[in-house]
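Since the structure comes first, as structure tokens, the remarks are kept for the end.
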Amino acid sequence: MDKNTQIDIPQQHTTLFKTIGKAADELDQSAYVVGGYVRDVYLGRLDTDDTTDIDFVTIGSGIQLAKSVAKKLGSKDVTVFKKFGTAQVKHNGLDLEFVGARKESYRRDSRKPIVENGTLKDDQLRRDLTINALSWSLNEETFGLLQDPFHGVQDLKNKIIRTPIDPEKTFEDDPLRMMRAVRFAAQLKFTIEDETFSAIQKMAHRLSIISKERIIEELNKIVLTHKPSYGFELLLKSGLLEQFFPEMVKLQGVDVKNGQRHKDNFWHTLKVLDNVAAVSDNLWLRWAAIMHDIAKPPTKRFSKSAGWTFHGHDALGAKWTPKIFRRLGLPLDDRMKYVQKLVRLHLRPIALVSDEVSDSAVRRLIYEAGDDIEDLMTLCRADITSKNEWRVQKYRNNFDRVEKKIKTVEKKDKIRNWTNPISGEDIMEVFDVKPGPIVGKVKDKIKNAIFDGEIPNDRDEAYQYLLKLKEDVGEKE
Ligand code: ATP
Ligand code: MG
């Protein structure tokens with residue numbers, strides 16, 4: 001063992017690990033702490049206050065070791081998963097997972113693994129990545145000794161993502177590992193080693209046997225990284241993105257006509273996503289960035305007078321949002337509606353730039369965006385990706401002006417979370433009608449009158465207006 005690669009076990013957990021080692025000694029089994037925990041200590045990113053899951057592997061019965069550890073710790077909280085040969089002990093807010101070392105292989109067209117007992121190395125070689133296959137011995141005699149048969153520590157140092165064994169075999173056994181390889185590369189800013197990357201390119205189509213729930217969990221971790229474009233570039237180039245999000249892949253490409261070119265909307269989208277990521281950790285605002293131009297390809301037109309246009313891509317993108325969310329296994333509740341709204345409205349603020357724009361248009365946008373107006377402005381600012389500094393500055397100044405307008409109108413008219421001061425009952429009473437389409441029509445008229453500034457946002461004035469509407473109808477009759 002290279003002395004330089006030896007790192008001390010965090011002292012917060014030393015007593016716990018010694019207890020586990022002792023329990024293992026008594027059972028005459030070897031025991032190791034393994035996986036993400038060890039990796040994160042080497043990376044110096046283990047936050048002991050934040051750590052909840054720790055994985056242990058033992059040569060022998062994981063269930064038996066778990067039971068014996070629980071006894072020593074005085075924990076009554078043991079859950080046994082007999083079918084998987086694993087057990088979980090809860091202790092002081094930690095989830096301790098125990099498993100017996102296994103040899104495992106999946107049959108090609110079945111998710112059902114063939115499992116046999118194995119050695120520590122057998123267990124390590126069926127893990128996804130070398131950096132996730134590190135372990136420390138916990139038995140008294142060898143306490144703290146690193147077991148690193150696949151040079152994971154070296155890969156951590158060199159910032160390399162690689163599978164412990166032939167990558168095609170690793171990915172064949174569980175194709176989700178291809179997503180995990182990209183996810184860890186993205187989170188850690190590592191490079192995927194060539195042979196591993198070529199294997200992903202070759203086997204990307206095998207992702208089809210993986211459930212959308214497992215895929216989206218990895219994808220969202222990529223979306224939440226510091227600079228998501230890095231992970232998405234890997235997803236694109238590996239062919240993985242195509243497997244579950246072809247609409248995004250189709251954003252790629254540039255057309256030229258009469259010497260006019262439009263920007264590549266895939267790279268533009270990633271830039272917008274990075275821009276949002278730089279100012280917000282909100283996963284759903286990041287999804288709005290991913291989705292904002294998603295419907296550009298089918299709305300693309302060229303005309304001599306207008307050049308390249310994408311009319312209606314905002315509305316069509318909003319229409320696609322539930323469909324894409326459902327297929328990806330993303331939620332269909334208010335979070336989807338939020339993304340859908342931002343996609344639908346993402347061109348609206350820029351339309352408010354001109355000085356001639358009436359307060360009416362501003363009121364309508366505030367009403368439609370509601371409490372999400374600030375997020376909408378964040379998205380719109382992120383959408384400025386021109387390489388020309390002068391242009392960027394000009395657009396930013398424009399947004400400053402729009403934001404000012406919004407603030408002024410907001411203050412004056414209190415339109416955010418607006419509700420109509422006139423109720424359906426008011427209308428039915430004044431017009432002497434039963435519920436029916438007329439009620440909605442009159443309500444809309446009042447809303448328009450308020451938004452257009454014809455009357456103030458005030459119940460008395462609106463009621464007077466309602467009486468006048470009735471009078472006008474009476475005259476026409
Ligand atoms: P994090 O918790 O930060 O996502 P982690 O490495 O702890 O990272 P987990 O999903 O908690 O990831 O898995 C724990 C360990 O189990 C991993 O470090 C790895 O050794 C192993 N592992 C997890 N998923 C797989 C898989 N699909 N194939 C092979 N090994 C896996
Ligand atoms: Mg974990």
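Chain lettering (A, B, ...) mirrors the order of the structure tokens, residue numbering begins at 1 for each chain separately, and ligand numbering begins at 1 in order of display.
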
Check: Can you tell me which residues sit at most 8 Å away from ligand 1, counting only C-alpha atoms and all ligand atoms, written as an MDAnalysis selection string?
Finding: chainID A and resid 34:37 39 53:55 124 126:129 131:134 170 174:177 180

Item checked: For segment 297-306 of chain A: contacts at 9 Å, only C-alpha atoms, fewer than 6 positions along chain excluded, given as a ChimeraX atom specification -> /A:247,250-252,257-258,265,312-313,316

Please save N, CA and C atoms of the selected residues as a PDB file, in the first residue's frame.
ATOM      1  N   GLU A 247     -36.232  15.262 -27.920  1.00  0.00           N
ATOM      2  CA  GLU A 247     -36.593  16.649 -28.277  1.00  0.00           C
ATOM      3  C   GLU A 247     -35.418  17.589 -28.027  1.00  0.00           C
ATOM      4  N   LYS A 250     -32.749  17.276 -30.711  1.00  0.00           N
ATOM      5  CA  LYS A 250     -33.165  17.908 -31.975  1.00  0.00           C
ATOM      6  C   LYS A 250     -32.927  19.418 -32.000  1.00  0.00           C
ATOM      7  N   LEU A 251     -32.616  20.000 -30.853  1.00  0.00           N
ATOM      8  CA  LEU A 251     -32.326  21.437 -30.824  1.00  0.00           C
ATOM      9  C   LEU A 251     -31.000  21.754 -31.506  1.00  0.00           C
ATOM     10  N   GLN A 252     -30.208  20.706 -31.724  1.00  0.00           N
ATOM     11  CA  GLN A 252     -28.883  20.904 -32.318  1.00  0.00           C
ATOM     12  C   GLN A 252     -28.961  21.332 -33.774  1.00  0.00           C
ATOM     13  N   LYS A 257     -29.297  30.385 -44.675  1.00  0.00           N
ATOM     14  CA  LYS A 257     -30.005  30.700 -45.928  1.00  0.00           C
ATOM     15  C   LYS A 257     -29.749  32.157 -46.269  1.00  0.00           C
ATOM     16  N   ASN A 258     -29.513  32.428 -47.554  1.00  0.00           N
ATOM     17  CA  ASN A 258     -29.194  33.793 -47.981  1.00  0.00           C
ATOM     18  C   ASN A 258     -28.157  34.438 -47.066  1.00  0.00           C
ATOM     19  N   ASN A 265     -29.532  25.982 -31.163  1.00  0.00           N
ATOM     20  CA  ASN A 265     -30.404  26.098 -29.990  1.00  0.00           C
ATOM     21  C   ASN A 265     -30.073  25.111 -28.874  1.00  0.00           C
ATOM     22  N   GLY A 312     -44.370  31.077 -32.256  1.00  0.00           N
ATOM     23  CA  GLY A 312     -45.229  30.133 -31.540  1.00  0.00           C
ATOM     24  C   GLY A 312     -44.480  29.065 -30.770  1.00  0.00           C
ATOM     25  N   HIS A 313     -43.131  29.146 -30.730  1.00  0.00           N
ATOM     26  CA  HIS A 313     -42.418  28.072 -30.012  1.00  0.00           C
ATOM     27  C   HIS A 313     -42.679  28.135 -28.514  1.00  0.00           C
ATOM     28  N   LEU A 316     -46.172  26.348 -28.130  1.00  0.00           N
ATOM     29  CA  LEU A 316     -46.037  24.911 -28.405  1.00  0.00           C
ATOM     30  C   LEU A 316     -45.180  24.225 -27.330  1.00  0.00           C
TER      31      LEU A 316
END

Margin query: Can you pull out the residues contacting Leu219 of chain A? Cut-off 8 Å, using only C-alpha atoms, and skip same-chain residues under 3 positions away; I want them as JSON, numbers by chain.
Written below: {"A": [179, 183, 215, 216, 222, 223]}

Check: as a PyMOL selection string, which residues of segment 90-271 of chain A does DSSP assign to helix (DSSP H, G or I)?
Finding: chain A and resi 120-125+130-132+140-142+152-158+167-173+176-188+194-209+212-223+228-238+240-244+246-249+265-271

Checklist line | Surrounding residues of Leu347 of chain A excluding itself and chain neighbours under 6 positions, 10 Å, only C-alpha atoms, as number ranges by chain | finding: A: 292, 313-314, 376, 380, 383

Take the residues from that selection and put them in a file with all heavy atoms, as a PDB file, in the first residue's frame.
ATOM      1  N   HIS A 292     -37.283  25.962 -22.318  1.00  0.00           N
ATOM      2  CA  HIS A 292     -37.843  27.210 -22.846  1.00  0.00           C
ATOM      3  C   HIS A 292     -37.895  27.267 -24.377  1.00  0.00           C
ATOM      4  O   HIS A 292     -38.827  27.821 -24.942  1.00  0.00           O
ATOM      5  CB  HIS A 292     -37.148  28.444 -22.247  1.00  0.00           C
ATOM      6  CG  HIS A 292     -35.848  28.803 -22.894  1.00  0.00           C
ATOM      7  ND1 HIS A 292     -34.711  28.043 -22.760  1.00  0.00           N
ATOM      8  CD2 HIS A 292     -35.515  29.842 -23.696  1.00  0.00           C
ATOM      9  CE1 HIS A 292     -33.733  28.616 -23.454  1.00  0.00           C
ATOM     10  NE2 HIS A 292     -34.190  29.705 -24.030  1.00  0.00           N
ATOM     11  N   HIS A 313     -43.131  29.146 -30.730  1.00  0.00           N
ATOM     12  CA  HIS A 313     -42.418  28.072 -30.012  1.00  0.00           C
ATOM     13  C   HIS A 313     -42.679  28.135 -28.514  1.00  0.00           C
ATOM     14  O   HIS A 313     -42.576  27.129 -27.816  1.00  0.00           O
ATOM     15  CB  HIS A 313     -40.909  28.104 -30.312  1.00  0.00           C
ATOM     16  CG  HIS A 313     -40.136  29.187 -29.629  1.00  0.00           C
ATOM     17  ND1 HIS A 313     -39.979  30.439 -30.155  1.00  0.00           N
ATOM     18  CD2 HIS A 313     -39.486  29.211 -28.449  1.00  0.00           C
ATOM     19  CE1 HIS A 313     -39.261  31.191 -29.332  1.00  0.00           C
ATOM     20  NE2 HIS A 313     -38.947  30.463 -28.278  1.00  0.00           N
ATOM     21  N   ASP A 314     -43.064  29.326 -28.042  1.00  0.00           N
ATOM     22  CA  ASP A 314     -43.387  29.462 -26.612  1.00  0.00           C
ATOM     23  C   ASP A 314     -44.672  28.707 -26.269  1.00  0.00           C
ATOM     24  O   ASP A 314     -44.705  27.914 -25.322  1.00  0.00           O
ATOM     25  CB  ASP A 314     -43.491  30.945 -26.232  1.00  0.00           C
ATOM     26  CG  ASP A 314     -44.215  31.786 -27.287  1.00  0.00           C
ATOM     27  OD1 ASP A 314     -44.416  31.295 -28.424  1.00  0.00           O
ATOM     28  OD2 ASP A 314     -44.590  32.922 -26.979  1.00  0.00           O
ATOM     29  N   LEU A 376     -39.502  34.517 -13.696  1.00  0.00           N
ATOM     30  CA  LEU A 376     -39.603  34.732 -15.141  1.00  0.00           C
ATOM     31  C   LEU A 376     -38.530  35.719 -15.594  1.00  0.00           C
ATOM     32  O   LEU A 376     -37.865  35.507 -16.615  1.00  0.00           O
ATOM     33  CB  LEU A 376     -41.003  35.251 -15.495  1.00  0.00           C
ATOM     34  CG  LEU A 376     -41.239  35.570 -16.972  1.00  0.00           C
ATOM     35  CD1 LEU A 376     -41.141  34.314 -17.833  1.00  0.00           C
ATOM     36  CD2 LEU A 376     -42.600  36.239 -17.182  1.00  0.00           C
ATOM     37  N   CYS A 380     -35.484  35.184 -18.243  1.00  0.00           N
ATOM     38  CA  CYS A 380     -35.308  36.056 -19.411  1.00  0.00           C
ATOM     39  C   CYS A 380     -33.909  36.657 -19.455  1.00  0.00           C
ATOM     40  O   CYS A 380     -33.300  36.765 -20.515  1.00  0.00           O
ATOM     41  CB  CYS A 380     -36.340  37.171 -19.395  1.00  0.00           C
ATOM     42  SG  CYS A 380     -37.977  36.567 -19.739  1.00  0.00           S
ATOM     43  N   ASP A 383     -31.532  34.220 -20.644  1.00  0.00           N
ATOM     44  CA  ASP A 383     -31.749  33.929 -22.062  1.00  0.00           C
ATOM     45  C   ASP A 383     -30.885  34.826 -22.971  1.00  0.00           C
ATOM     46  O   ASP A 383     -30.796  34.600 -24.174  1.00  0.00           O
ATOM     47  CB  ASP A 383     -33.247  34.129 -22.365  1.00  0.00           C
ATOM     48  CG  ASP A 383     -33.705  33.395 -23.605  1.00  0.00           C
ATOM     49  OD1 ASP A 383     -32.895  32.672 -24.213  1.00  0.00           O
ATOM     50  OD2 ASP A 383     -34.885  33.544 -23.977  1.00  0.00           O
TER      51      ASP A 383
END

Next item on the list: Quote the spacing between atom CA of Trp284 of chain A and atom CA of Leu345 of chain A in Å to one decimal place.
Entry: 15.1 Å

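Of the listed residues A:Lys470, A:Glu97, A:Lys407, A:Glu233, the one whose atoms come nearest to ligand 2 is A:Glu97, with distances taken using only C-alpha atoms and all ligand atoms.
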
Next item on the list: From segment 83-260 of chain A, collect each residue whose DSSP state is strand (DSSP E or B) and return the set as an NGL selection string.
Entry: :A and (86-91 or 94-100 or 102-106 or 113-117 or 135-137 or 146-147 or 160-161 or 191-192 or 256-257 or 260)

Asp255 of chain A surroundings by only C-alpha atoms, 10 Å radius, close-in-sequence under 3 positions cut, as a PDB file with C-alpha atoms, in the first residue's frame:
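The new file around.pdb reads:
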ATOM      1  CA  GLY A 259     -26.153  34.176 -45.790  1.00  0.00           C
ATOM      2  CA  GLN A 260     -28.295  34.309 -42.644  1.00  0.00           C
ATOM      3  CA  ARG A 261     -27.749  31.784 -39.884  1.00  0.00           C
ATOM      4  CA  HIS A 262     -29.611  31.144 -36.661  1.00  0.00           C
ATOM      5  CA  LYS A 263     -27.915  30.124 -33.449  1.00  0.00           C
ATOM      6  CA  ASP A 264     -27.529  26.489 -32.425  1.00  0.00           C
ATOM      7  CA  PHE A 302     -37.233  31.346 -43.119  1.00  0.00           C
ATOM      8  CA  TRP A 308     -35.183  32.978 -39.338  1.00  0.00           C
TER       9      TRP A 308
END

Notebook entry, point to check: What lies within 9 Å of segment 235-240 of chain A using only C-alpha atoms, ignoring chain neighbours under 2 positions off, as a list in words?
Noted result: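 Skipping anything fewer than 2 positions along the chain leaves Met178, Met179, Val182, Phe197, Ser198, Ala199, Ile200, Gln201, Lys202, Met203, Ala204, His205, Leu207, Tyr230, Gly231, Phe232, Glu233, Glu242, Gln243, Phe244, Phe245 and Val249 of chain A.
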